[in-house]
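Written below as structure tokens is the structure these notes are about.
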Amino acid sequence: MAMVALVCVACGNSANTQQESDGGSIDIFNGTSLDGWRGDTNFWRVENGAIVGEITPGTDLPHNTFLIWDGGRPADFEFVAEYRMTGNGNSGVNYRSEELAELPFALRGYQADIDAANTYTGQNYEERGRTILAFPGQQMHLPPVDGEIGEYAIGNIWTAAEETANLGDREALKANIKIDDWNEIRIVAVGNNLKHYINGVLMSEIVDDDETNRKLEGLIGLQLHTGPPMKIEYRNIQLAILE
């Protein structure tokens with residue numbers, strides 16, 4: 001299996017920091033336009049070499065909206081981008097996701113979460129699905145379940161998940177994230193093992209053995225979450241397919 005570079009924009013020293021081995025990433029954002037992506041251009045644009053998602057004062061965003069990459073449905077991959085958040089909002093990178101037929105530019109699937117307060121940044125949240133699968137600092141196992149999602153998704157937490165290791169103190173992990181500045185988000189998805197890194201530090205990891213509810217491939221999308229005025233920027237977006 002060819003692994004790709006795990007070099008960060010703003011790494012600190014950590015036992016969870018990954019180092020590199022080159023693997024052939026490609027740019028999936030050209031830096032000048034939304035070519036290859038689709039979404040509601042009332043909320044998404046390109047500015048100063050970055051994709052910008054913004055909610056302005058007085059804007060009504062009735063549901064979470066996504067800018068969806070139209071380049072395929074990756075299975076095993078490594079995704080890396082730089083992001084910067086302004087305001088009190090929420091965003092994230094969805095992957096192995098499905099597009100909803102009933103709502104425009106809406107996705108269901110795994111998400112590497114980002115929030116302005118950095119309470120949840122780096123966690124694994126399943127949008128419109130099993131909810132929080134792993135908080136920052138958690139390595140979790142998701143066993144098979146019987147029954148409906150609502151029986152286990154309680155209080156926005158997937159209660160069937162089992163913690164298998166502690167990846168670090170949540171406040172210490174949070175201190176690794178820059179405020180009102182550029183950070184690096186990295187997702188490594190291999191089979192049923194999903195890892196989220198911020199600035200090179202492993203924030204959450206799951207092993208998903210829930211064959212009924214898990215996904216092994218799907219769409220990638222950038223999220224703009226309903227809520228107060230905010231702006232999220234993404235740049236230097238790269239993807240490497242792992243074989």
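Please note that chains go A, B, ... in the order of the structure tokens, that every chain numbers its residues from 1, and that ligands are numbered from 1 in the order shown.
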
* **Long-range neighbours of Gly218 in chain A as a ChimeraX atom specification, 9 Å cut-off, only C-alpha atoms, 4 positions minimum in chain** => /A:72-75,95-98,109

* Which polymer residues have any atom within 7 Å of an atom of Leu239 in chain A, counting only C-alpha atoms, with same-chain residues fewer than 6 positions away left out, as an MDAnalysis selection string? -> chainID A and resid 25:28 77:80

Could the residues in this selection be saved with N, CA and C atoms as a short mmCIF file (atom, residue, chain, number, x, y, z; two decimals), in the first residue's frame?
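Everything below was put into selection_30.cif:
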data_model
loop_
_atom_site.label_atom_id
_atom_site.label_comp_id
_atom_site.auth_asym_id
_atom_site.auth_seq_id
_atom_site.Cartn_x
_atom_site.Cartn_y
_atom_site.Cartn_z
N SER A 25 0.23 13.14 -4.79
CA SER A 25 -1.02 13.87 -4.65
C SER A 25 -1.29 14.71 -5.88
N ILE A 26 -2.57 15.00 -6.11
CA ILE A 26 -2.96 15.91 -7.19
C ILE A 26 -3.77 17.06 -6.58
N ASP A 27 -3.64 18.24 -7.20
CA ASP A 27 -4.45 19.38 -6.79
C ASP A 27 -5.86 19.19 -7.33
N ILE A 28 -6.86 19.30 -6.46
CA ILE A 28 -8.25 19.19 -6.92
C ILE A 28 -8.97 20.54 -6.88
N PHE A 77 -7.88 6.83 0.37
CA PHE A 77 -7.27 8.08 -0.11
C PHE A 77 -6.65 8.84 1.05
N GLU A 78 -5.89 9.85 0.68
CA GLU A 78 -5.43 10.86 1.62
C GLU A 78 -5.81 12.22 1.07
N PHE A 79 -6.48 13.00 1.88
CA PHE A 79 -6.93 14.35 1.52
C PHE A 79 -6.22 15.33 2.44
N VAL A 80 -5.72 16.42 1.86
CA VAL A 80 -5.09 17.45 2.68
C VAL A 80 -5.47 18.82 2.14
#

* Within 10 Å of Gly87 in chain A, counting only C-alpha atoms, which residues qualify if same-chain residues fewer than 2 places away don't, as a ChimeraX atom specification? -> /A:54-55,85,89-90,115-117,180,228-232

Output C-alpha atoms of each residue in that selection to a file, as a CSV table (one decimal), in the first residue's frame.
chain,number,residue,atom,x,y,z
A,54,GLU,CA,-19.6,32.6,3.7
A,55,ILE,CA,-22.8,33.4,5.6
A,85,MET,CA,-12.2,30.2,9.8
A,89,GLY,CA,-19.3,29.1,12.8
A,90,ASN,CA,-18.9,25.5,11.8
A,115,ASP,CA,-15.6,24.7,14.4
A,116,ALA,CA,-14.5,28.2,15.4
A,117,ALA,CA,-14.3,27.3,19.1
A,180,ASP,CA,-8.0,33.1,12.9
A,228,PRO,CA,-24.4,33.0,12.5
A,229,PRO,CA,-22.4,35.0,10.0
A,230,MET,CA,-19.0,33.3,9.4
A,231,LYS,CA,-16.5,32.6,6.7
A,232,ILE,CA,-14.5,29.5,5.9

* Asked: So which residues touch Asn64 in chain A within 9 Å, counting only C-alpha atoms, skipping near sequence neighbours fewer than 6 positions away, as number ranges by chain?
  -> A: 105-107, 223-226

* Find the residues near range 141-149 of chain A: any atom within 10 Å, counting only C-alpha atoms, skip ones fewer than 2 places away on the same chain, and give them as number ranges by chain. => A: 129-131, 133-134, 138-139, 151-154, 158-165, 192-193, 205-214

Written file, previous selection with N, CA and C atoms, as a CSV table (one decimal), in the first residue's frame:
chain,number,residue,atom,x,y,z
A,129,GLY,N,-26.3,11.0,9.8
A,129,GLY,CA,-26.2,9.6,10.1
A,129,GLY,C,-26.0,9.3,11.5
A,130,ARG,N,-24.9,8.7,11.9
A,130,ARG,CA,-24.7,8.2,13.2
A,130,ARG,C,-24.2,9.3,14.2
A,131,THR,N,-24.1,10.5,13.8
A,131,THR,CA,-23.7,11.6,14.6
A,131,THR,C,-22.2,11.5,15.0
A,133,LEU,N,-19.0,10.1,16.0
A,133,LEU,CA,-18.4,8.7,16.1
A,133,LEU,C,-17.1,8.7,17.0
A,134,ALA,N,-16.4,9.8,17.0
A,134,ALA,CA,-15.2,9.9,17.8
A,134,ALA,C,-14.9,11.4,18.1
A,138,GLN,N,-10.0,10.8,20.8
A,138,GLN,CA,-10.6,9.4,20.9
A,138,GLN,C,-10.2,8.5,19.7
A,139,GLN,N,-9.8,7.3,20.0
A,139,GLN,CA,-9.7,6.2,19.0
A,139,GLN,C,-10.9,5.3,19.4
A,151,GLU,N,-31.9,4.4,17.4
A,151,GLU,CA,-31.8,3.6,18.7
A,151,GLU,C,-30.4,3.8,19.4
A,152,TYR,N,-29.4,4.3,18.6
A,152,TYR,CA,-28.0,4.4,19.1
A,152,TYR,C,-27.5,5.8,19.1
A,153,ALA,N,-28.0,6.6,18.2
A,153,ALA,CA,-27.6,8.0,18.1
A,153,ALA,C,-28.4,8.8,19.1
A,154,ILE,N,-27.9,9.0,20.3
A,154,ILE,CA,-28.6,9.6,21.4
A,154,ILE,C,-27.7,10.8,21.9
A,158,TRP,N,-22.9,8.7,19.0
A,158,TRP,CA,-23.2,7.3,18.6
A,158,TRP,C,-22.8,6.4,19.8
A,159,THR,N,-23.8,6.0,20.6
A,159,THR,CA,-23.6,5.3,21.8
A,159,THR,C,-23.1,3.9,21.7
A,160,ALA,N,-23.1,3.3,20.5
A,160,ALA,CA,-22.6,2.0,20.3
A,160,ALA,C,-21.1,1.9,20.1
A,161,ALA,N,-20.5,3.1,20.0
A,161,ALA,CA,-19.0,3.2,19.8
A,161,ALA,C,-18.3,2.8,21.1
A,162,GLU,N,-17.1,2.2,20.9
A,162,GLU,CA,-16.3,1.7,22.0
A,162,GLU,C,-14.9,2.4,21.9
A,163,GLU,N,-14.5,3.0,23.0
A,163,GLU,CA,-13.2,3.7,23.0
A,163,GLU,C,-12.1,2.6,23.2
A,164,THR,N,-11.1,2.6,22.3
A,164,THR,CA,-10.0,1.7,22.4
A,164,THR,C,-8.7,2.3,22.8
A,165,ALA,N,-8.6,3.6,22.7
A,165,ALA,CA,-7.4,4.3,23.1
A,165,ALA,C,-7.6,5.8,23.2
A,192,ASN,N,-11.6,0.3,6.5
A,192,ASN,CA,-12.6,0.8,7.6
A,192,ASN,C,-11.9,1.6,8.6
A,193,ASN,N,-10.6,2.0,8.4
A,193,ASN,CA,-9.8,2.8,9.3
A,193,ASN,C,-9.7,4.2,8.8
A,205,GLU,N,-9.6,8.8,15.5
A,205,GLU,CA,-9.5,7.6,14.6
A,205,GLU,C,-10.6,6.7,14.9
A,206,ILE,N,-11.2,6.1,13.9
A,206,ILE,CA,-12.2,5.1,14.0
A,206,ILE,C,-11.8,3.8,13.2
A,207,VAL,N,-12.2,2.7,13.7
A,207,VAL,CA,-12.3,1.5,13.0
A,207,VAL,C,-13.7,1.1,12.9
A,208,ASP,N,-14.3,1.1,11.7
A,208,ASP,CA,-15.7,1.0,11.5
A,208,ASP,C,-16.1,-0.4,11.0
A,209,ASP,N,-16.5,-1.2,12.0
A,209,ASP,CA,-17.0,-2.6,11.6
A,209,ASP,C,-18.5,-2.7,11.5
A,210,ASP,N,-19.2,-1.6,11.5
A,210,ASP,CA,-20.6,-1.5,11.4
A,210,ASP,C,-21.0,-1.6,9.9
A,211,GLU,N,-21.0,-2.8,9.3
A,211,GLU,CA,-21.2,-3.0,7.9
A,211,GLU,C,-22.5,-2.5,7.4
A,212,THR,N,-23.5,-2.4,8.2
A,212,THR,CA,-24.8,-1.9,7.8
A,212,THR,C,-24.8,-0.4,7.5
A,213,ASN,N,-24.1,0.3,8.3
A,213,ASN,CA,-24.1,1.8,8.2
A,213,ASN,C,-22.8,2.4,7.6
A,214,ARG,N,-21.7,1.7,7.6
A,214,ARG,CA,-20.5,2.4,7.1
A,214,ARG,C,-20.5,2.5,5.6

* DSSP says strand (DSSP E or B) for which residues of range 52-194 of chain A? Put them as an MDAnalysis selection string? -> chainID A and resid 52:55 65:69 77:87 90:99 107:115 124:127 131:134 138:142 153:154 157:158 162:166 183:190 193:194

Export, as a compact mmCIF listing (two decimals), in the first residue's frame, the selected residues with C-alpha atoms.
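Final output, again-v6.txt:
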# COMPACT_ATOMS: atom_id res chain seq x y z
CA VAL A 52 -14.58 30.78 0.31
CA GLY A 53 -17.85 29.73 1.94
CA GLU A 54 -19.60 32.60 3.69
CA ILE A 55 -22.78 33.37 5.56
CA THR A 65 -24.86 23.25 2.24
CA PHE A 66 -21.85 21.65 0.56
CA LEU A 67 -19.47 22.43 -2.24
CA ILE A 68 -19.11 18.99 -3.84
CA TRP A 69 -16.06 17.78 -5.76
CA PHE A 77 -7.27 8.08 -0.11
CA GLU A 78 -5.43 10.86 1.62
CA PHE A 79 -6.93 14.35 1.52
CA VAL A 80 -5.09 17.45 2.68
CA ALA A 81 -6.01 21.13 2.66
CA GLU A 82 -5.32 24.35 4.49
CA TYR A 83 -8.28 26.10 6.07
CA ARG A 84 -9.01 29.34 7.92
CA MET A 85 -12.21 30.16 9.79
CA THR A 86 -13.48 33.62 10.65
CA GLY A 87 -16.48 34.19 12.91
CA ASN A 90 -18.86 25.47 11.81
CA SER A 91 -17.54 23.70 8.74
CA GLY A 92 -15.84 20.46 7.83
CA VAL A 93 -14.79 18.10 5.07
CA ASN A 94 -17.23 15.34 4.17
CA TYR A 95 -16.01 12.16 2.50
CA ARG A 96 -17.34 8.75 1.50
CA SER A 97 -20.65 10.58 1.34
CA GLU A 98 -23.91 10.33 -0.56
CA GLU A 99 -25.81 13.26 -2.04
CA LEU A 107 -24.54 15.24 1.86
CA ARG A 108 -24.78 12.30 4.22
CA GLY A 109 -21.55 10.73 5.41
CA TYR A 110 -18.33 10.96 7.40
CA GLN A 111 -17.06 14.42 8.25
CA ALA A 112 -13.78 15.76 9.57
CA ASP A 113 -15.31 18.49 11.69
CA ILE A 114 -14.11 22.09 12.04
CA ASP A 115 -15.58 24.65 14.44
CA ASN A 124 -15.39 12.30 13.21
CA TYR A 125 -19.03 13.31 12.80
CA GLU A 126 -21.35 11.45 10.48
CA GLU A 127 -23.57 14.08 8.84
CA THR A 131 -23.68 11.64 14.57
CA ILE A 132 -20.45 11.87 16.64
CA LEU A 133 -18.39 8.74 16.08
CA ALA A 134 -15.20 9.94 17.81
CA GLN A 138 -10.55 9.40 20.90
CA GLN A 139 -9.71 6.21 19.05
CA MET A 140 -13.00 4.34 18.64
CA HIS A 141 -14.25 0.97 17.43
CA LEU A 142 -17.69 0.89 15.83
CA ALA A 153 -27.61 8.05 18.06
CA ILE A 154 -28.57 9.64 21.38
CA ILE A 157 -23.40 10.75 20.10
CA TRP A 158 -23.15 7.25 18.62
CA GLU A 162 -16.32 1.71 22.03
CA GLU A 163 -13.21 3.68 22.99
CA THR A 164 -10.04 1.67 22.36
CA ALA A 165 -7.37 4.30 23.10
CA ASN A 166 -6.86 7.88 24.26
CA ASN A 183 -4.32 25.33 9.69
CA GLU A 184 -3.88 22.04 7.88
CA ILE A 185 -6.55 19.34 7.87
CA ARG A 186 -5.66 15.84 6.72
CA ILE A 187 -7.87 12.78 6.30
CA VAL A 188 -6.44 9.29 5.78
CA ALA A 189 -9.06 6.68 4.85
CA VAL A 190 -7.92 3.09 4.34
CA ASN A 193 -9.82 2.80 9.31
CA LEU A 194 -10.36 6.57 9.24

* Restricting the calculation to only C-alpha atoms, which member of A:Trp44, A:Gly227, A:Gly191, A:Leu167 is positioned closest to Asp60 in chain A? -> A:Gly227

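Nearest residue to Lys178 in chain A among A:Gln238, A:Asn118, A:Asn88, A:Asn30 is A:Asn118, counting only C-alpha atoms.
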
* For CA of Leu202 in chain A and CA of Asn48 in chain A, the interatomic separation in Å (one decimal) -> 29.2 Å

* Which polymer residues have any atom within 6 Å of an atom of Ala50 in chain A, counting only C-alpha atoms, with same-chain residues fewer than 3 positions away left out, as a PyMOL selection string? -> chain A and resi 46-47+233-235

Go ahead and write the selection's residues with N, CA and C atoms as a PDB file, in the first residue's frame.
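Saved result, again00.pdb, follows:
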ATOM      1  N   VAL A  46     -14.548  31.924  -5.175  1.00  0.00           N
ATOM      2  CA  VAL A  46     -13.090  31.861  -5.094  1.00  0.00           C
ATOM      3  C   VAL A  46     -12.562  33.271  -4.920  1.00  0.00           C
ATOM      4  N   GLU A  47     -11.639  33.428  -3.971  1.00  0.00           N
ATOM      5  CA  GLU A  47     -11.085  34.746  -3.656  1.00  0.00           C
ATOM      6  C   GLU A  47      -9.669  34.582  -3.135  1.00  0.00           C
ATOM      7  N   GLU A 233     -12.432  29.393   4.649  1.00  0.00           N
ATOM      8  CA  GLU A 233     -11.609  29.404   3.440  1.00  0.00           C
ATOM      9  C   GLU A 233     -10.816  28.102   3.367  1.00  0.00           C
ATOM     10  N   TYR A 234     -10.694  27.569   2.159  1.00  0.00           N
ATOM     11  CA  TYR A 234      -9.886  26.380   1.904  1.00  0.00           C
ATOM     12  C   TYR A 234      -8.947  26.659   0.736  1.00  0.00           C
ATOM     13  N   ARG A 235      -7.701  26.228   0.844  1.00  0.00           N
ATOM     14  CA  ARG A 235      -6.742  26.395  -0.239  1.00  0.00           C
ATOM     15  C   ARG A 235      -5.788  25.194  -0.258  1.00  0.00           C
TER      16      ARG A 235
END

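The interatomic distance for the pair CA of Gly155 in chain A and CA of Thr121 in chain A works out to 18.4 Å.
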
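Considering the residues A:Glu171, A:Asp35, A:Asp40, A:Glu217 and counting only C-alpha atoms, Tyr120 in chain A has its shortest atom-to-atom contact with A:Glu171.
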
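Between CA of Gly39 in chain A and CA of Leu103 in chain A lies a distance of 11.9 Å.
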